[in-house]
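Below is protein_4.cif, which holds mmCIF, C-alpha atoms and all ligand atoms.
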data_input
#
loop_
_atom_site.label_atom_id
_atom_site.label_comp_id
_atom_site.auth_asym_id
_atom_site.auth_seq_id
_atom_site.Cartn_x
_atom_site.Cartn_y
_atom_site.Cartn_z
CA MET A 12 83.05 90.98 126.08
CA LYS A 13 86.09 88.78 126.66
CA SER A 14 88.81 89.07 124.07
CA TYR A 15 91.95 87.11 123.25
CA ARG A 16 95.01 87.87 121.15
CA ILE A 17 95.99 84.80 119.15
CA ALA A 18 99.26 84.46 117.23
CA LEU A 19 98.68 82.66 113.93
CA ILE A 20 101.70 80.96 112.38
CA PRO A 21 100.37 79.30 109.22
CA GLY A 22 103.86 78.05 108.20
CA ASP A 23 104.45 75.96 105.10
CA GLY A 24 102.61 73.85 102.53
CA ILE A 25 99.01 73.16 103.55
CA GLY A 26 99.57 75.06 106.84
CA PRO A 27 98.09 78.36 105.56
CA ASP A 28 94.97 76.58 104.20
CA VAL A 29 94.19 74.67 107.38
CA VAL A 30 94.93 77.62 109.69
CA ALA A 31 92.65 79.89 107.62
CA ALA A 32 89.93 77.25 107.89
CA ALA A 33 90.34 76.76 111.65
CA TRP A 34 90.40 80.50 112.25
CA GLN A 35 87.08 81.03 110.44
CA VAL A 36 85.53 78.25 112.51
CA ALA A 37 87.00 79.57 115.78
CA GLU A 38 85.65 83.06 115.04
CA ALA A 39 82.19 81.69 114.27
CA ALA A 40 82.06 79.67 117.50
CA ALA A 41 83.53 82.47 119.64
CA GLY A 42 81.06 84.96 118.15
CA LYS A 43 78.14 82.80 119.34
CA GLU A 44 79.52 83.03 122.88
CA ASN A 45 80.21 86.76 122.74
CA VAL A 46 83.95 86.20 122.79
CA ALA A 47 86.26 88.29 120.57
CA LEU A 48 89.32 86.75 118.95
CA ALA A 49 92.03 88.95 117.43
CA ALA A 50 94.45 87.31 115.00
CA ILE A 51 98.02 88.54 114.71
CA ARG A 52 99.65 86.74 111.77
CA TYR A 53 103.32 85.84 111.54
CA PRO A 54 104.79 84.70 108.20
CA TRP A 55 107.52 82.59 109.84
CA SER A 56 108.16 79.61 107.60
CA CYS A 57 110.68 78.08 105.20
CA ASP A 58 109.96 80.90 102.70
CA TYR A 59 110.74 83.38 105.45
CA TYR A 60 114.00 81.49 106.06
CA LEU A 61 114.97 81.72 102.41
CA GLU A 62 114.33 85.49 102.48
CA THR A 63 115.94 86.32 105.82
CA GLY A 64 118.23 83.43 106.79
CA ALA A 65 116.19 82.63 109.93
CA MET A 66 112.91 80.83 110.61
CA MET A 67 111.80 83.70 112.84
CA PRO A 68 113.30 87.05 113.85
CA PRO A 69 115.71 87.22 116.83
CA ASP A 70 112.93 88.71 119.01
CA GLY A 71 110.36 86.16 117.78
CA ILE A 72 109.93 84.45 121.14
CA GLU A 73 109.46 87.76 122.95
CA THR A 74 106.94 88.83 120.30
CA LEU A 75 104.91 85.66 120.82
CA ARG A 76 105.03 85.98 124.60
CA GLY A 77 102.48 88.79 124.49
CA HIS A 78 99.73 86.55 123.08
CA ASP A 79 97.13 84.43 124.83
CA ALA A 80 97.79 81.41 122.61
CA ILE A 81 99.45 80.33 119.37
CA LEU A 82 97.72 78.47 116.52
CA LEU A 83 100.23 76.89 114.15
CA GLY A 84 99.73 75.11 110.81
CA ALA A 85 102.80 73.14 109.78
CA VAL A 86 106.49 73.80 109.51
CA GLY A 87 108.77 72.18 106.96
CA TRP A 88 109.63 72.31 103.27
CA PRO A 89 112.39 69.77 102.82
CA ALA A 90 112.89 70.58 99.12
CA THR A 91 114.47 73.92 100.03
CA VAL A 92 115.21 73.90 103.78
CA PRO A 93 116.45 70.85 105.72
CA ASP A 94 113.93 69.66 108.30
CA SER A 95 116.56 69.90 111.02
CA VAL A 96 116.83 73.66 110.29
CA SER A 97 113.10 74.38 110.14
CA LEU A 98 112.24 72.30 113.21
CA HIS A 99 115.09 73.65 115.32
CA GLY A 100 114.50 77.21 114.10
CA LEU A 101 110.82 77.56 114.95
CA LEU A 102 108.82 74.77 116.56
CA LEU A 103 111.33 73.49 119.10
CA PRO A 104 112.45 76.93 120.35
CA ILE A 105 108.79 77.88 120.97
CA ARG A 106 108.02 74.65 122.87
CA LYS A 107 111.18 75.08 124.94
CA ALA A 108 111.00 78.83 125.65
CA PHE A 109 107.38 78.62 126.76
CA VAL A 110 107.91 75.44 128.82
CA GLN A 111 105.17 73.65 126.90
CA TYR A 112 106.02 70.41 128.60
CA ALA A 113 102.73 68.65 128.03
CA ASN A 114 101.95 67.54 124.50
CA VAL A 115 98.32 66.49 124.52
CA ARG A 116 96.60 64.54 121.75
CA PRO A 117 93.05 63.19 121.80
CA HIS A 118 92.45 59.97 119.90
CA ARG A 119 88.89 58.96 119.11
CA LEU A 120 86.86 58.36 116.00
CA LEU A 121 84.66 61.22 114.87
CA PRO A 122 81.21 59.91 113.83
CA GLY A 123 81.22 58.60 110.28
CA VAL A 124 85.01 58.26 110.13
CA GLU A 125 86.20 54.74 109.42
CA GLY A 126 89.32 53.71 111.28
CA PRO A 127 91.41 50.64 110.54
CA LEU A 128 90.28 48.82 113.73
CA LYS A 129 87.17 46.82 114.52
CA ALA A 130 86.81 48.81 117.75
CA GLU A 131 84.82 51.97 117.15
CA ARG A 132 84.34 53.23 120.68
CA PHE A 133 87.55 54.45 122.20
CA ASP A 134 88.49 57.77 123.70
CA ILE A 135 92.16 58.07 124.57
CA LEU A 136 93.98 61.18 125.74
CA CYS A 137 97.70 60.74 125.11
CA ILE A 138 100.07 62.98 127.04
CA ARG A 139 103.64 63.10 125.83
CA GLU A 140 106.48 64.70 127.77
CA ASN A 141 107.62 67.47 125.45
CA THR A 142 110.90 68.89 126.76
CA GLU A 143 113.38 66.25 127.90
CA GLY A 144 113.86 62.47 127.95
CA GLU A 145 115.16 60.81 124.82
CA TYR A 146 114.97 64.05 122.79
CA SER A 147 117.10 66.17 125.11
CA GLY A 148 119.75 66.57 122.43
CA ALA A 149 122.55 65.54 124.80
CA GLY A 150 125.31 63.49 123.24
CA GLY A 151 127.86 63.62 120.50
CA ARG A 152 129.95 61.80 117.94
CA VAL A 153 133.65 61.06 117.94
CA HIS A 154 136.03 59.56 115.36
CA GLN A 155 133.59 60.57 112.62
CA GLY A 156 133.96 58.56 109.46
CA GLY A 157 136.38 56.12 111.06
CA ALA A 158 135.72 52.44 111.70
CA ASN A 159 135.81 53.23 115.42
CA GLU A 160 133.19 56.01 115.15
CA VAL A 161 130.95 56.37 118.19
CA ALA A 162 127.56 58.11 118.51
CA VAL A 163 126.07 58.73 121.94
CA GLU A 164 122.54 60.02 122.55
CA THR A 165 121.79 60.51 126.21
CA ALA A 166 118.23 60.49 127.50
CA ILE A 167 117.78 62.95 130.36
CA PHE A 168 115.05 62.50 132.93
CA THR A 169 114.89 65.01 135.78
CA ARG A 170 112.76 64.54 138.88
CA ALA A 171 111.10 67.90 138.23
CA GLY A 172 110.42 67.04 134.59
CA VAL A 173 109.00 63.58 135.27
CA GLU A 174 106.99 64.70 138.26
CA ARG A 175 105.29 67.59 136.46
CA ILE A 176 104.23 65.54 133.42
CA LEU A 177 102.92 62.72 135.62
CA ARG A 178 101.08 65.21 137.80
CA PHE A 179 99.48 66.67 134.68
CA GLY A 180 98.47 63.12 133.70
CA PHE A 181 96.92 62.45 137.10
CA GLU A 182 95.00 65.74 136.92
CA GLN A 183 93.66 64.92 133.45
CA ALA A 184 92.65 61.41 134.57
CA ARG A 185 90.83 62.92 137.54
CA GLN A 186 88.79 65.12 135.18
CA ARG A 187 87.92 62.16 132.95
CA THR A 188 87.17 58.59 134.05
CA GLY A 189 89.88 58.41 136.72
CA ARG A 190 92.16 55.95 134.91
CA LEU A 191 95.79 56.66 134.10
CA ALA A 192 98.15 54.44 132.12
CA SER A 193 101.83 55.23 132.61
CA VAL A 194 104.12 53.94 129.86
CA THR A 195 107.74 52.88 130.45
CA LYS A 196 110.16 50.08 129.61
CA SER A 197 111.55 49.52 133.06
CA ASN A 198 112.43 45.88 132.46
CA ALA A 199 115.07 46.96 129.92
CA GLN A 200 115.88 50.57 130.83
CA LYS A 201 116.75 50.11 134.43
CA HIS A 202 117.70 53.69 135.32
CA SER A 203 115.42 56.24 133.69
CA MET A 204 112.31 54.10 133.44
CA VAL A 205 112.60 52.65 136.93
CA PHE A 206 112.93 56.27 138.10
CA TRP A 207 109.73 57.14 136.17
CA ASP A 208 107.88 54.18 137.74
CA GLU A 209 109.05 55.16 141.23
CA ILE A 210 107.78 58.71 140.82
CA THR A 211 104.48 57.36 139.45
CA ARG A 212 104.03 55.28 142.62
CA GLN A 213 104.97 58.22 144.86
CA LEU A 214 102.48 60.54 143.17
CA SER A 215 99.70 57.97 143.15
CA ALA A 216 99.52 58.35 146.94
CA GLU A 217 98.39 61.94 146.35
CA TYR A 218 95.69 60.81 143.90
CA PRO A 219 93.86 57.94 145.61
CA ASP A 220 90.87 58.56 143.31
CA VAL A 221 92.95 57.78 140.20
CA GLU A 222 93.58 54.18 139.24
CA VAL A 223 97.07 54.05 137.75
CA THR A 224 98.47 51.12 135.76
CA SER A 225 102.02 50.87 134.41
CA TYR A 226 102.55 49.34 130.97
CA HIS A 227 105.66 48.64 128.95
CA ILE A 228 105.73 50.53 125.67
CA ASP A 229 105.54 47.37 123.55
CA ALA A 230 102.52 46.09 125.47
CA MET A 231 100.90 49.52 125.21
CA ALA A 232 101.37 49.60 121.43
CA ALA A 233 99.61 46.24 121.18
CA ARG A 234 96.85 47.36 123.56
CA MET A 235 96.13 50.49 121.53
CA VAL A 236 95.41 48.24 118.56
CA MET A 237 93.77 45.25 120.27
CA ALA A 238 91.80 46.96 123.07
CA PRO A 239 91.86 50.76 122.68
CA GLU A 240 88.53 50.99 124.50
CA SER A 241 90.28 49.85 127.71
CA LEU A 242 92.37 53.05 127.84
CA ASP A 243 91.63 56.55 129.08
CA VAL A 244 94.59 58.86 129.85
CA VAL A 245 97.99 57.61 128.68
CA VAL A 246 101.17 59.37 129.80
CA ALA A 247 104.59 58.66 128.28
CA SER A 248 108.09 60.02 127.76
CA ASN A 249 109.05 62.12 124.75
CA LEU A 250 110.08 59.24 122.42
CA PHE A 251 107.46 56.74 123.55
CA GLY A 252 104.75 59.41 123.41
CA ASP A 253 105.87 60.46 119.94
CA ILE A 254 105.43 56.93 118.61
CA LEU A 255 102.20 56.18 120.49
CA THR A 256 100.54 59.38 119.30
CA ASP A 257 101.23 58.51 115.66
CA LEU A 258 99.66 55.14 116.35
CA GLY A 259 96.78 57.03 117.95
CA ALA A 260 96.42 59.19 114.83
CA ALA A 261 96.34 56.05 112.68
CA ILE A 262 93.58 54.37 114.68
CA GLN A 263 91.45 57.52 114.59
CA GLY A 264 91.44 57.48 110.79
CA GLY A 265 94.67 59.27 109.88
CA LEU A 266 96.54 62.53 110.10
CA GLY A 267 93.61 64.56 108.79
CA PHE A 268 91.89 64.09 112.18
CA ALA A 269 94.76 64.24 114.67
CA ALA A 270 94.85 67.40 116.81
CA SER A 271 97.39 68.44 119.39
CA ALA A 272 98.21 70.97 122.06
CA ASN A 273 101.59 71.96 123.48
CA ILE A 274 100.63 73.14 126.90
CA ASP A 275 102.35 75.09 129.63
CA PRO A 276 100.12 73.95 132.52
CA GLY A 277 101.68 76.67 134.69
CA ARG A 278 100.26 79.29 132.31
CA THR A 279 103.36 81.43 132.51
CA ALA A 280 103.47 81.68 128.71
CA PRO A 281 101.18 81.07 125.74
CA SER A 282 100.44 77.46 124.83
CA MET A 283 100.55 76.34 121.21
CA PHE A 284 97.92 74.39 119.28
CA GLU A 285 98.62 72.60 116.00
CA PRO A 286 97.54 69.64 113.91
CA VAL A 287 99.80 66.59 114.20
CA HIS A 288 100.39 66.47 110.45
CA GLY A 289 103.08 68.32 108.54
CA SER A 290 103.06 70.55 105.48
CA ALA A 291 102.01 67.71 103.12
CA PRO A 292 104.00 68.84 100.05
CA ASP A 293 102.31 66.13 97.95
CA ILE A 294 98.88 67.79 98.18
CA MET A 295 99.85 71.43 98.57
CA GLY A 296 97.83 73.77 96.35
CA LYS A 297 95.26 71.08 95.51
CA GLY A 298 92.70 72.40 97.99
CA ILE A 299 92.04 68.95 99.47
CA ALA A 300 93.84 69.18 102.83
CA ASN A 301 91.51 68.07 105.59
CA PRO A 302 91.19 71.05 107.99
CA LEU A 303 89.53 69.01 110.78
CA ALA A 304 92.77 68.32 112.68
CA THR A 305 93.46 72.05 112.88
CA ILE A 306 89.83 72.89 113.65
CA TRP A 307 89.94 70.36 116.52
CA SER A 308 93.22 71.97 117.69
CA ALA A 309 91.47 75.36 117.70
CA ALA A 310 88.73 73.82 119.87
CA MET A 311 91.44 72.67 122.29
CA MET A 312 92.82 76.21 122.29
CA LEU A 313 89.47 77.73 123.26
CA GLU A 314 89.04 75.10 125.99
CA HIS A 315 92.50 75.97 127.35
CA LEU A 316 91.59 79.67 127.34
CA GLY A 317 88.60 78.87 129.52
CA GLU A 318 86.08 79.19 126.68
CA GLY A 319 84.63 75.70 127.08
CA ALA A 320 81.26 76.64 125.58
CA ALA A 321 82.82 77.93 122.33
CA SER A 322 85.07 74.88 122.21
CA ALA A 323 82.10 72.55 122.66
CA ARG A 324 80.30 74.34 119.80
CA ILE A 325 83.21 73.50 117.49
CA MET A 326 83.27 69.87 118.61
CA ARG A 327 79.51 69.45 118.11
CA ALA A 328 79.70 71.11 114.67
CA MET A 329 82.63 68.92 113.62
CA GLU A 330 80.76 65.82 114.72
CA ALA A 331 77.62 66.90 112.84
CA THR A 332 79.76 67.47 109.74
CA THR A 333 81.48 64.08 109.76
CA ARG A 334 78.23 62.34 110.74
CA SER A 335 76.75 63.66 107.49
CA GLY A 336 79.72 62.15 105.63
CA ILE A 337 81.58 65.39 104.91
CA GLY A 338 85.34 65.34 105.49
CA THR A 339 85.47 61.66 106.31
CA ARG A 340 87.24 60.37 103.18
CA PHE A 341 90.62 61.61 102.03
CA GLY A 342 90.50 63.80 98.94
CA ARG A 343 86.73 63.65 98.37
CA ASP A 344 85.75 67.00 99.89
CA ALA A 345 87.61 70.26 99.36
CA THR A 346 89.12 72.08 102.34
CA GLY A 347 86.67 74.94 101.76
CA ALA A 348 83.63 72.65 101.60
CA ILE A 349 84.51 70.95 104.90
CA THR A 350 85.11 74.33 106.55
CA GLU A 351 81.81 75.71 105.30
CA ALA A 352 79.97 72.63 106.55
CA VAL A 353 81.42 73.08 110.06
CA ILE A 354 80.56 76.80 110.08
CA GLU A 355 77.03 76.08 108.88
CA ALA A 356 76.60 73.57 111.68
CA ILE A 357 77.72 76.23 114.18
CA GLU A 358 75.29 78.76 112.71
CA ARG A 359 72.41 76.24 112.72
CA GLU A 360 72.50 75.68 116.49
N1 LIG B 1 104.46 69.87 113.49
C1 LIG B 1 104.83 70.08 112.26
O1 LIG B 1 104.87 71.21 111.80
C2 LIG B 1 105.23 68.93 111.39
C3 LIG B 1 104.79 67.63 111.68
C4 LIG B 1 105.13 66.60 110.80
C5 LIG B 1 105.91 66.87 109.69
N2 LIG B 1 106.33 68.15 109.48
C6 LIG B 1 107.09 68.51 108.27
O2 LIG B 1 106.21 68.51 107.14
C7 LIG B 1 106.96 68.17 105.96
C8 LIG B 1 106.29 66.99 105.27
O3 LIG B 1 106.36 65.84 106.12
P1 LIG B 1 105.69 64.44 105.81
O4 LIG B 1 105.32 64.39 104.35
O5 LIG B 1 106.55 63.41 106.37
O6 LIG B 1 104.37 64.42 106.70
P2 LIG B 1 102.95 65.09 106.43
O7 LIG B 1 102.17 64.97 107.69
O8 LIG B 1 103.11 66.46 105.90
O9 LIG B 1 102.27 64.18 105.29
C9 LIG B 1 102.16 62.75 105.40
C10 LIG B 1 101.03 62.27 104.48
O10 LIG B 1 99.76 62.64 105.07
C11 LIG B 1 99.01 63.44 104.19
N3 LIG B 1 98.36 64.50 104.97
C12 LIG B 1 98.94 65.23 105.95
N4 LIG B 1 98.07 66.12 106.44
C13 LIG B 1 96.92 65.97 105.75
C14 LIG B 1 95.65 66.61 105.79
N5 LIG B 1 95.37 67.61 106.66
N6 LIG B 1 94.70 66.21 104.93
C15 LIG B 1 94.96 65.21 104.07
N7 LIG B 1 96.13 64.55 103.99
C16 LIG B 1 97.10 64.92 104.82
C17 LIG B 1 100.01 64.01 103.21
O11 LIG B 1 99.39 64.34 101.98
C18 LIG B 1 101.05 62.92 103.11
O12 LIG B 1 100.66 61.97 102.15
C19 LIG B 1 108.37 67.86 106.45
O13 LIG B 1 109.14 69.02 106.27
C20 LIG B 1 108.21 67.54 107.91
O14 LIG B 1 109.35 67.82 108.68
C21 LIG B 1 106.00 69.17 110.28
#

Output the file's structure in the form of structure tokens.
Amino acid sequence: MKSYRIALIPGDGIGPDVVAAAWQVAEAAAGKENVALAAIRYPWSCDYYLETGAMMPPDGIETLRGHDAILLGAVGWPATVPDSVSLHGLLLPIRKAFVQYANVRPHRLLPGVEGPLKAERFDILCIRENTEGEYSGAGGRVHQGGANEVAVETAIFTRAGVERILRFGFEQARQRTGRLASVTKSNAQKHSMVFWDEITRQLSAEYPDVEVTSYHIDAMAARMVMAPESLDVVVASNLFGDILTDLGAAIQGGLGFAASANIDPGRTAPSMFEPVHGSAPDIMGKGIANPLATIWSAAMMLEHLGEGAASARIMRAMEATTRSGIGTRFGRDATGAITEAVIEAIERE
């Protein structure tokens, strides 16, 4: 029997509820495939920060390194801990230390879910560069508070960083319908984005079976709304990908359905799987958080671990659940009821 050690970091707010739900579903699906999953839980969160003065212990990264994957709920409780502290104390160090340079988010409508668009049939895989670009953190401020104050934020694009994310995009496109959309703004950003376009053209010679098209970010935003069905794999820099994936979450019905993976394609360290949404303080404790985004993220985790059959069981069960109308409308079904429906669908097969 194959077995995996999974680090669970439920985090803050609705995080513990949705991680508990996704874990039950993952165990049910894995059990059907004779796969054992062992959960090792870490209480790292804003509460942990208030108790200890840190979001995770000093050896937190080394502790996580020994796992096969990480399933995370949500991090952030702005009422007590500034977001800059919680984000920089937990999520970002993990993504960076484990070189999770590919942030992958699938955008499609689950059956029975109503999106805001007329188009119902689209299936987009957005890949966001996760370690450099506009979010490199390079820059500074001088003359603070003065009329001559200056703030500089430098976007950093390295050949290695751009090449590896594009290569990942080409590989994903090859496994799907063979179409890759690369997103830049090279008419306005004549250094970094022209560099990105050049590397795209160079790599495309290695992937003659992949049809690659370059779009400007503004045109891509419009296309995702007007003609999402024309897209397959979309690859973008850190900032552009961040914005496009929130748009992607919106067109697939909202944050309750948006799953994500932070992947180290080199598999030198564990990858991390998490819903796109945050800790949702406004609904915490009400038992109405939609667990489907986290359940979908758990399916992505099993797929990444090579357990495609267990992953497919989760996806089929989720689709059967939303097709029957459960979990499709915000606030109507309890977290527990949606989870039970997905598990029942797994058991029924
Ligand atoms: N990756 C992460 O851990 C992550 C991502 C985004 C925000 N955050 C943090 O979460 C905290 C709250 O942020 P926010 O309010 O801007 O964003 P949020 O995603 O927590 O909530 C935005 C809105 O969506 C709703 N929502 C979110 N998830 C839902 C779900 N599963 N089911 C039903 N409704 C859901 C919320 O009720 C809220 O109205 C902040 O501290 C923020 O920094 C963390």

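The residue that comes closest to Arg119 in chain A, out of A:Val29, A:Val96, A:Val223, A:Ala260 and on the basis of all atoms listed in the file, is A:Ala260.
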
- Item | Residues within 8 Å of ligand LIG 1 (chain B), counting all atoms listed in the file, as a count of residues only | 42

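When CA of Ile167 in chain A is paired with CA of Glu209 in chain A, their separation reads 16.0 Å.
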
- Message: With distances taken over only C-alpha atoms, which residue among A:Phe251, A:Tyr59, A:Phe284, A:Tyr226 lies nearest Ile138 in chain A?
- Response: A:Phe251

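Interatomic distance, CA of Ile337 in chain A to CA of Ser241 in chain A: 28.9 Å.
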
Nearby residues (all atoms listed in the file) at most 7 Å from Ala232 in chain A, same-chain spacing under 4 positions excluded, as a PDB file with C-alpha atoms, in the coordinates of the input:
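Contents of the output file out-v7.pdb:
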ATOM      1  CA  ILE A 228     105.730  50.530 125.670  1.00  0.00           C
ATOM      2  CA  VAL A 236      95.410  48.240 118.560  1.00  0.00           C
ATOM      3  CA  LEU A 255     102.200  56.180 120.490  1.00  0.00           C
TER       4      LEU A 255
END

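Using all atoms listed in the file for every distance, the candidate list A:Gln263, A:Gly296, A:Arg334, A:Ala216 yields A:Gln263 as the residue closest to Pro117 in chain A.
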
- Item | Nearest to Glu145 in chain A, chosen from A:Thr91, A:Ser248, A:Ser335, A:Gln213, with only C-alpha atoms counted in the distances | A:Ser248

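Closest approach to Lys107 in chain A from the set A:Pro69, A:Gly347, A:Pro219, A:Pro281 is made by A:Pro281, with distances taken over all atoms listed in the file.
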
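Among the candidate residues A:Cys137, A:Ala272, A:Ala184, A:Ile306, the one lying nearest to Pro239 in chain A is A:Cys137, with distances computed using all atoms listed in the file.
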